[in-house]
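What follows is a set of notes on a single structure, which appears directly below.
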Amino acid sequence: MGLLSRLRDSLIKTKGNLTDKVDRVLASFGKVDEGLFEELEEALITSDVGMRMTGSGIARLRAEVREGRIAKVEDVRQCLRSIIEGILSEGAAGLELASKPSVVLVIGVNGVGKTTFIGKLAKLLTGQGKTVLLAAGDTFRAAAIDQLAIWADRAGVGMVRHDEGSDPAAVIFDAMRACKSRMVDVLICDTAGRLHTKKNLMEELGKVGRVIEREMPEASKEVLLVLDATTGQNAVQQAKVFADKAAVTGIVLTKLDGTAKGGVALAVKEEMGIPIKFIGVGEGIEDLQPFDPAEFTAALFS
């Protein structure tokens, strides 16, 4: 199965909740009028795309009508598709891994699929010919260290670990030294699942970031925030909290294959202005895809 086909399959529930709902609204109107926009606004809001994205999208549609580019109901669908693709495409970029080594810091709350993402990313990068080292920075749970070790083995990469309860920044420090001595291309750092209510954990995240900046000031650095698509608008709130504490460079949206709330991709992008860099479309180690705005929109509107 090709990547686009797999993406379409993973977005079936979201399509049913978003574009199919939009299509039903459009089918019930014979002309473009204010009543159509009101119904369309309700459909978008209830599809997890968020108030800001809905308001922005409807405003752009109205502008298209005023400027004469929308005359028929069927034009609305195509215009909405273009608007969505345009929003998702703004600032879109892949991983910035120009230096050797480069550093990828992975953050997010417990349960979003952070460790799984790290394993899949390691596999993806090794498939591109890069050498990868993992740093087990989630030292608050022994199970987290053990789980990362399993993924390191699956991906065929090395890992630096300390005992449970160790200083996470010390783990990252040792991993950076190992990267330099082994001439590793990419260091991927795990972190504890930090709830925004745990001030000390958020401060620890800041400490890790400072250690990375101090030890590798010239390295390419990515800070990827992993969000669970099944949580809907709660993912937007998590993004706001983490972006306030860390210089997030990209979003990873997991579990798209198991939810109707994939419209949150639009909400996160419109609210935060941070590019989505990866999406998870399945459980397998190969089921991690670099985010392609055009393909994502095509899958939604297929």
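Lettering and numbering for the structure tokens are positional, with chains as A, B, ... in the shown order, residues counted from 1 in each chain, and ligands counted from 1 in the shown order.
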Long-range neighbours of Gly91 in chain A as a PyMOL selection string, 9 Å cut-off, only C-alpha atoms, 6 positions minimum in chain:
chain A and resi 273-275
DSSP on the backbone, then: every residue of range 24-82 of chain A marked helix (DSSP H, G or I), written as an MDAnalysis selection string.
chainID A and resid 24:27 34:45 51:66 73:82
Mind checking which residues fall within 10 Å of Glu271 in chain A, counting only C-alpha atoms, ignoring those fewer than 4 positions away in the same chain, and posting them as an mmCIF file with all heavy atoms, in the first residue's frame?
```
data_model
loop_
_atom_site.group_PDB
_atom_site.id
_atom_site.type_symbol
_atom_site.label_atom_id
_atom_site.label_comp_id
_atom_site.auth_asym_id
_atom_site.auth_seq_id
_atom_site.Cartn_x
_atom_site.Cartn_y
_atom_site.Cartn_z
ATOM 1 N N GLY A 50 -11.395 23.937 15.574
ATOM 2 C CA GLY A 50 -11.182 25.069 16.466
ATOM 3 C C GLY A 50 -11.885 26.342 16.030
ATOM 4 O O GLY A 50 -12.171 26.550 14.855
ATOM 5 N N MET A 51 -12.144 27.219 16.990
ATOM 6 C CA MET A 51 -12.857 28.462 16.729
ATOM 7 C C MET A 51 -12.041 29.394 15.831
ATOM 8 O O MET A 51 -12.576 30.035 14.929
ATOM 9 C CB MET A 51 -13.166 29.165 18.055
ATOM 10 C CG MET A 51 -14.173 28.438 18.921
ATOM 11 S SD MET A 51 -15.838 28.464 18.201
ATOM 12 C CE MET A 51 -16.229 30.206 18.332
ATOM 13 N N ARG A 52 -10.748 29.486 16.096
ATOM 14 C CA ARG A 52 -9.920 30.423 15.326
ATOM 15 C C ARG A 52 -9.832 30.001 13.869
ATOM 16 O O ARG A 52 -9.966 30.829 12.968
ATOM 17 C CB ARG A 52 -8.524 30.507 15.940
ATOM 18 C CG ARG A 52 -7.599 31.461 15.234
ATOM 19 C CD ARG A 52 -6.364 31.733 16.061
ATOM 20 N NE ARG A 52 -5.407 32.559 15.338
ATOM 21 C CZ ARG A 52 -4.336 33.098 15.883
ATOM 22 N NH1 ARG A 52 -4.078 32.923 17.161
ATOM 23 N NH2 ARG A 52 -3.503 33.829 15.159
ATOM 24 N N MET A 53 -9.597 28.717 13.633
ATOM 25 C CA MET A 53 -9.520 28.218 12.267
ATOM 26 C C MET A 53 -10.866 28.375 11.563
ATOM 27 O O MET A 53 -10.933 28.771 10.395
ATOM 28 C CB MET A 53 -9.087 26.747 12.281
ATOM 29 C CG MET A 53 -9.290 25.988 10.988
ATOM 30 S SD MET A 53 -8.379 26.697 9.608
ATOM 31 C CE MET A 53 -9.369 26.069 8.234
ATOM 32 N N VAL A 236 -4.514 21.294 21.655
ATOM 33 C CA VAL A 236 -4.189 22.709 21.429
ATOM 34 C C VAL A 236 -3.730 23.355 22.735
ATOM 35 O O VAL A 236 -2.761 24.118 22.757
ATOM 36 C CB VAL A 236 -5.407 23.460 20.858
ATOM 37 C CG1 VAL A 236 -5.064 24.933 20.636
ATOM 38 C CG2 VAL A 236 -5.867 22.825 19.554
ATOM 39 N N GLN A 237 -4.414 23.037 23.828
ATOM 40 C CA GLN A 237 -4.041 23.596 25.123
ATOM 41 C C GLN A 237 -2.657 23.121 25.541
ATOM 42 O O GLN A 237 -1.855 23.893 26.078
ATOM 43 C CB GLN A 237 -5.087 23.210 26.178
ATOM 44 C CG GLN A 237 -6.473 23.750 25.905
ATOM 45 C CD GLN A 237 -6.480 25.256 25.664
ATOM 46 O OE1 GLN A 237 -5.881 26.021 26.425
ATOM 47 N NE2 GLN A 237 -7.135 25.692 24.601
ATOM 48 N N ALA A 239 -0.256 22.308 23.521
ATOM 49 C CA ALA A 239 0.693 23.005 22.652
ATOM 50 C C ALA A 239 0.977 24.408 23.184
ATOM 51 O O ALA A 239 2.130 24.864 23.177
ATOM 52 C CB ALA A 239 0.152 23.076 21.232
ATOM 53 N N LYS A 240 -0.031 25.098 23.666
ATOM 54 C CA LYS A 240 0.163 26.452 24.189
ATOM 55 C C LYS A 240 1.065 26.441 25.413
ATOM 56 O O LYS A 240 1.953 27.292 25.557
ATOM 57 C CB LYS A 240 -1.196 27.074 24.537
ATOM 58 C CG LYS A 240 -2.048 27.409 23.323
ATOM 59 C CD LYS A 240 -3.389 27.995 23.744
ATOM 60 C CE LYS A 240 -4.225 28.367 22.524
ATOM 61 N NZ LYS A 240 -5.550 28.902 22.909
ATOM 62 N N LEU A 266 -5.546 21.214 12.008
ATOM 63 C CA LEU A 266 -5.813 22.580 11.550
ATOM 64 C C LEU A 266 -5.838 23.552 12.717
ATOM 65 O O LEU A 266 -5.304 24.661 12.629
ATOM 66 C CB LEU A 266 -7.147 22.624 10.816
ATOM 67 C CG LEU A 266 -7.224 21.820 9.523
ATOM 68 C CD1 LEU A 266 -8.664 21.656 9.074
ATOM 69 C CD2 LEU A 266 -6.413 22.496 8.442
ATOM 70 N N ALA A 267 -6.463 23.117 13.823
ATOM 71 C CA ALA A 267 -6.551 23.986 14.995
ATOM 72 C C ALA A 267 -5.172 24.307 15.539
ATOM 73 O O ALA A 267 -4.866 25.466 15.850
ATOM 74 C CB ALA A 267 -7.414 23.319 16.070
#
```
Please identify all polymer residues within 12 Å of Leu300 in chain A, counting only C-alpha atoms, omitting same-chain residues fewer than 3 positions from it, and present them as a PyMOL selection string.
chain A and resi 4-5+7-23+77+80-82+84-85+260+262-263+265-266+293-297
Please identify which residues in range 16-175 of chain A DSSP calls strand (DSSP E or B) from the backbone, and express them as an NGL selection string.
:A and (102-107 or 132-135 or 158-160)
Taking a cut-off of 7 Å and counting only C-alpha atoms, can you build a table that, for each residue of range 93-199 of chain A near range 213-232 of chain A, reports the nearest atom pair and how far apart they are in Å (one decimal), sorted by chain then residue number, as a Markdown table?
```
| residue | atom | partner | partner_atom | distance |
| --- | --- | --- | --- | --- |
| A:Glu96 | CA | A:Ser220 | CA | 6.3 |
| A:Leu97 | CA | A:Ser220 | CA | 5.6 |
| A:Ala98 | CA | A:Ser220 | CA | 6.0 |
| A:Ser99 | CA | A:Ala219 | CA | 5.5 |
| A:Pro101 | CA | A:Ala219 | CA | 6.5 |
| A:Ser102 | CA | A:Ser220 | CA | 4.9 |
| A:Val103 | CA | A:Lys221 | CA | 4.8 |
| A:Val104 | CA | A:Glu222 | CA | 4.7 |
| A:Leu105 | CA | A:Val223 | CA | 4.8 |
| A:Val106 | CA | A:Leu224 | CA | 5.0 |
| A:Ile107 | CA | A:Leu225 | CA | 5.0 |
| A:Gly108 | CA | A:Val226 | CA | 5.2 |
| A:Val112 | CA | A:Asp228 | CA | 4.8 |
| A:Lys114 | CA | A:Val226 | CA | 6.0 |
```
Atoms to include: all heavy atoms. Write the selected residues as an mmCIF file, in the first residue's frame.
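And here is the file that came out, part24.cif:
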```cif
data_model
loop_
_atom_site.group_PDB
_atom_site.id
_atom_site.type_symbol
_atom_site.label_atom_id
_atom_site.label_comp_id
_atom_site.auth_asym_id
_atom_site.auth_seq_id
_atom_site.Cartn_x
_atom_site.Cartn_y
_atom_site.Cartn_z
ATOM 1 N N GLU A 96 15.422 19.971 10.370
ATOM 2 C CA GLU A 96 16.661 20.690 10.093
ATOM 3 C C GLU A 96 17.803 19.938 10.774
ATOM 4 O O GLU A 96 17.997 20.033 11.994
ATOM 5 C CB GLU A 96 16.574 22.126 10.622
ATOM 6 C CG GLU A 96 17.859 22.929 10.483
ATOM 7 C CD GLU A 96 18.338 23.051 9.048
ATOM 8 O OE1 GLU A 96 17.499 23.284 8.152
ATOM 9 O OE2 GLU A 96 19.553 22.904 8.816
ATOM 10 N N LEU A 97 18.528 19.154 9.989
ATOM 11 C CA LEU A 97 19.612 18.324 10.522
ATOM 12 C C LEU A 97 20.901 18.605 9.752
ATOM 13 O O LEU A 97 21.551 17.702 9.231
ATOM 14 C CB LEU A 97 19.233 16.839 10.413
ATOM 15 C CG LEU A 97 17.926 16.404 11.094
ATOM 16 C CD1 LEU A 97 17.636 14.943 10.804
ATOM 17 C CD2 LEU A 97 17.989 16.656 12.598
ATOM 18 N N ALA A 98 21.268 19.874 9.704
ATOM 19 C CA ALA A 98 22.392 20.278 8.867
ATOM 20 C C ALA A 98 23.744 19.977 9.495
ATOM 21 O O ALA A 98 24.727 19.782 8.790
ATOM 22 C CB ALA A 98 22.285 21.776 8.554
ATOM 23 N N SER A 99 23.812 19.949 10.816
ATOM 24 C CA SER A 99 25.100 19.765 11.480
ATOM 25 C C SER A 99 25.324 18.291 11.847
ATOM 26 O O SER A 99 24.413 17.468 11.804
ATOM 27 C CB SER A 99 25.160 20.616 12.754
ATOM 28 O OG SER A 99 24.227 20.137 13.722
ATOM 29 N N PRO A 101 27.061 16.451 15.151
ATOM 30 C CA PRO A 101 25.711 15.893 15.250
ATOM 31 C C PRO A 101 24.637 16.988 15.262
ATOM 32 O O PRO A 101 24.925 18.151 15.532
ATOM 33 C CB PRO A 101 25.742 15.168 16.594
ATOM 34 C CG PRO A 101 26.715 15.962 17.408
ATOM 35 C CD PRO A 101 27.760 16.445 16.451
ATOM 36 N N SER A 102 23.417 16.570 14.966
ATOM 37 C CA SER A 102 22.235 17.396 15.172
ATOM 38 C C SER A 102 21.478 16.823 16.367
ATOM 39 O O SER A 102 21.631 15.651 16.706
ATOM 40 C CB SER A 102 21.337 17.380 13.937
ATOM 41 O OG SER A 102 21.978 17.966 12.826
ATOM 42 N N VAL A 103 20.651 17.659 16.991
ATOM 43 C CA VAL A 103 19.933 17.242 18.196
ATOM 44 C C VAL A 103 18.432 17.393 17.995
ATOM 45 O O VAL A 103 17.964 18.435 17.530
ATOM 46 C CB VAL A 103 20.365 18.066 19.427
ATOM 47 C CG1 VAL A 103 19.631 17.577 20.679
ATOM 48 C CG2 VAL A 103 21.870 17.986 19.626
ATOM 49 N N VAL A 104 17.695 16.343 18.352
ATOM 50 C CA VAL A 104 16.235 16.389 18.341
ATOM 51 C C VAL A 104 15.757 16.125 19.765
ATOM 52 O O VAL A 104 15.985 15.045 20.312
ATOM 53 C CB VAL A 104 15.642 15.335 17.385
ATOM 54 C CG1 VAL A 104 14.111 15.397 17.424
ATOM 55 C CG2 VAL A 104 16.160 15.539 15.961
ATOM 56 N N LEU A 105 15.133 17.123 20.374
ATOM 57 C CA LEU A 105 14.567 16.986 21.717
ATOM 58 C C LEU A 105 13.070 16.730 21.576
ATOM 59 O O LEU A 105 12.364 17.508 20.931
ATOM 60 C CB LEU A 105 14.818 18.257 22.529
ATOM 61 C CG LEU A 105 14.327 18.260 23.981
ATOM 62 C CD1 LEU A 105 15.102 17.241 24.816
ATOM 63 C CD2 LEU A 105 14.471 19.659 24.586
ATOM 64 N N VAL A 106 12.602 15.638 22.172
ATOM 65 C CA VAL A 106 11.200 15.241 22.026
ATOM 66 C C VAL A 106 10.482 15.446 23.357
ATOM 67 O O VAL A 106 10.890 14.901 24.390
ATOM 68 C CB VAL A 106 11.098 13.768 21.576
ATOM 69 C CG1 VAL A 106 9.631 13.384 21.378
ATOM 70 C CG2 VAL A 106 11.888 13.551 20.287
ATOM 71 N N ILE A 107 9.407 16.241 23.320
ATOM 72 C CA ILE A 107 8.677 16.584 24.539
ATOM 73 C C ILE A 107 7.200 16.260 24.377
ATOM 74 O O ILE A 107 6.712 16.058 23.267
ATOM 75 C CB ILE A 107 8.868 18.076 24.899
ATOM 76 C CG1 ILE A 107 8.295 18.978 23.794
ATOM 77 C CG2 ILE A 107 10.343 18.386 25.122
ATOM 78 C CD1 ILE A 107 8.395 20.473 24.115
ATOM 79 N N GLY A 108 6.481 16.227 25.507
ATOM 80 C CA GLY A 108 5.051 15.943 25.481
ATOM 81 C C GLY A 108 4.630 15.214 26.741
ATOM 82 O O GLY A 108 5.457 14.676 27.476
ATOM 83 N N VAL A 112 1.083 10.108 24.969
ATOM 84 C CA VAL A 112 0.808 10.629 23.629
ATOM 85 C C VAL A 112 1.521 9.837 22.537
ATOM 86 O O VAL A 112 1.292 10.057 21.354
ATOM 87 C CB VAL A 112 1.204 12.126 23.511
ATOM 88 C CG1 VAL A 112 0.330 12.978 24.419
ATOM 89 C CG2 VAL A 112 2.680 12.322 23.811
ATOM 90 N N LYS A 114 5.093 9.355 22.682
ATOM 91 C CA LYS A 114 6.398 10.004 22.544
ATOM 92 C C LYS A 114 7.519 8.996 22.286
ATOM 93 O O LYS A 114 8.313 9.145 21.350
ATOM 94 C CB LYS A 114 6.656 10.818 23.812
ATOM 95 C CG LYS A 114 7.844 11.724 23.795
ATOM 96 C CD LYS A 114 7.697 12.829 24.845
ATOM 97 C CE LYS A 114 7.243 12.306 26.194
ATOM 98 N NZ LYS A 114 8.255 11.462 26.868
#
```
What's around Ser181 in chain A at 12 Å? Count only C-alpha atoms, leave out sequence neighbours fewer than 5 positions away in its own chain, and write the answer as JSON, numbers by chain.
{"A": [100, 101, 133, 174, 175, 176]}
Could you dump the residues just selected with N, CA and C atoms as a short mmCIF file (atom, residue, chain, number, x, y, z; two decimals), in the first residue's frame?
```cif
data_model
loop_
_atom_site.label_atom_id
_atom_site.label_comp_id
_atom_site.auth_asym_id
_atom_site.auth_seq_id
_atom_site.Cartn_x
_atom_site.Cartn_y
_atom_site.Cartn_z
N LYS A 100 26.55 17.99 12.22
CA LYS A 100 26.88 16.66 12.72
C LYS A 100 27.67 16.81 14.01
N PRO A 101 27.06 16.45 15.15
CA PRO A 101 25.71 15.89 15.25
C PRO A 101 24.64 16.99 15.26
N LEU A 133 21.72 8.09 17.77
CA LEU A 133 21.88 7.69 19.16
C LEU A 133 20.69 8.23 19.96
N ASP A 174 25.87 13.24 28.87
CA ASP A 174 26.68 12.07 28.52
C ASP A 174 26.40 11.62 27.08
N ALA A 175 25.13 11.72 26.67
CA ALA A 175 24.77 11.33 25.31
C ALA A 175 25.43 12.25 24.29
N MET A 176 25.50 13.53 24.59
CA MET A 176 26.15 14.47 23.66
C MET A 176 27.64 14.17 23.55
#
```
Nearest to Gln289 in chain A by atom-to-atom distance, counting only C-alpha atoms, from A:Leu125, A:Val132, A:Val208, A:Ile83:
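So, comparing all the options, the nearest one is A:Leu125.
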Find the spatial neighbours of Glu39 in chain A, counting only C-alpha atoms, within a cut-off of 10 Å - ignore same-chain residues fewer than 4 positions away - and output them as a ChimeraX atom specification.
/A:22,25-26,28-29,34-35,43-44
Compile the contact shell of Ala143 in chain A as an mmCIF file with N, CA and C atoms, in the first residue's frame: residues with an atom at most 12 Å away, counting only C-alpha atoms, same-chain residues fewer than 3 positions apart removed.
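See result-v4.cif below for the written result:
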```cif
data_model
loop_
_atom_site.group_PDB
_atom_site.id
_atom_site.type_symbol
_atom_site.label_atom_id
_atom_site.label_comp_id
_atom_site.auth_asym_id
_atom_site.auth_seq_id
_atom_site.Cartn_x
_atom_site.Cartn_y
_atom_site.Cartn_z
ATOM 1 N N THR A 115 7.596 7.974 23.150
ATOM 2 C CA THR A 115 8.669 6.983 23.011
ATOM 3 C C THR A 115 8.535 6.205 21.708
ATOM 4 N N ALA A 136 18.037 8.416 26.942
ATOM 5 C CA ALA A 136 16.874 8.073 27.773
ATOM 6 C C ALA A 136 16.704 9.118 28.869
ATOM 7 N N ASP A 138 13.984 10.375 30.123
ATOM 8 C CA ASP A 138 12.857 10.194 31.042
ATOM 9 C C ASP A 138 13.320 9.253 32.144
ATOM 10 N N THR A 139 13.945 9.818 33.157
ATOM 11 C CA THR A 139 14.498 9.007 34.249
ATOM 12 C C THR A 139 13.531 8.871 35.422
ATOM 13 N N PHE A 140 12.329 9.425 35.271
ATOM 14 C CA PHE A 140 11.362 9.350 36.366
ATOM 15 C C PHE A 140 10.702 7.975 36.450
ATOM 16 N N ASP A 146 13.230 1.355 29.884
ATOM 17 C CA ASP A 146 13.181 0.012 29.291
ATOM 18 C C ASP A 146 12.445 0.028 27.956
ATOM 19 N N GLN A 147 11.361 0.795 27.876
ATOM 20 C CA GLN A 147 10.603 0.877 26.623
ATOM 21 C C GLN A 147 11.445 1.502 25.522
ATOM 22 N N LEU A 148 12.196 2.536 25.869
ATOM 23 C CA LEU A 148 13.050 3.174 24.869
ATOM 24 C C LEU A 148 14.132 2.209 24.398
ATOM 25 N N ALA A 149 14.642 1.392 25.322
ATOM 26 C CA ALA A 149 15.661 0.406 24.960
ATOM 27 C C ALA A 149 15.112 -0.594 23.941
ATOM 28 N N ILE A 150 13.843 -0.975 24.100
ATOM 29 C CA ILE A 150 13.207 -1.903 23.149
ATOM 30 C C ILE A 150 13.136 -1.264 21.764
ATOM 31 N N ASP A 163 20.429 5.256 35.623
ATOM 32 C CA ASP A 163 19.444 4.594 36.472
ATOM 33 C C ASP A 163 18.220 5.477 36.675
ATOM 34 N N GLU A 164 17.111 4.832 37.046
ATOM 35 C CA GLU A 164 15.897 5.567 37.392
ATOM 36 C C GLU A 164 16.212 6.575 38.497
ATOM 37 N N GLY A 165 15.672 7.774 38.363
ATOM 38 C CA GLY A 165 15.889 8.812 39.362
ATOM 39 C C GLY A 165 17.099 9.673 39.113
ATOM 40 N N ALA A 192 10.794 13.314 30.160
ATOM 41 C CA ALA A 192 9.666 12.819 30.949
ATOM 42 C C ALA A 192 8.361 13.407 30.431
#
```
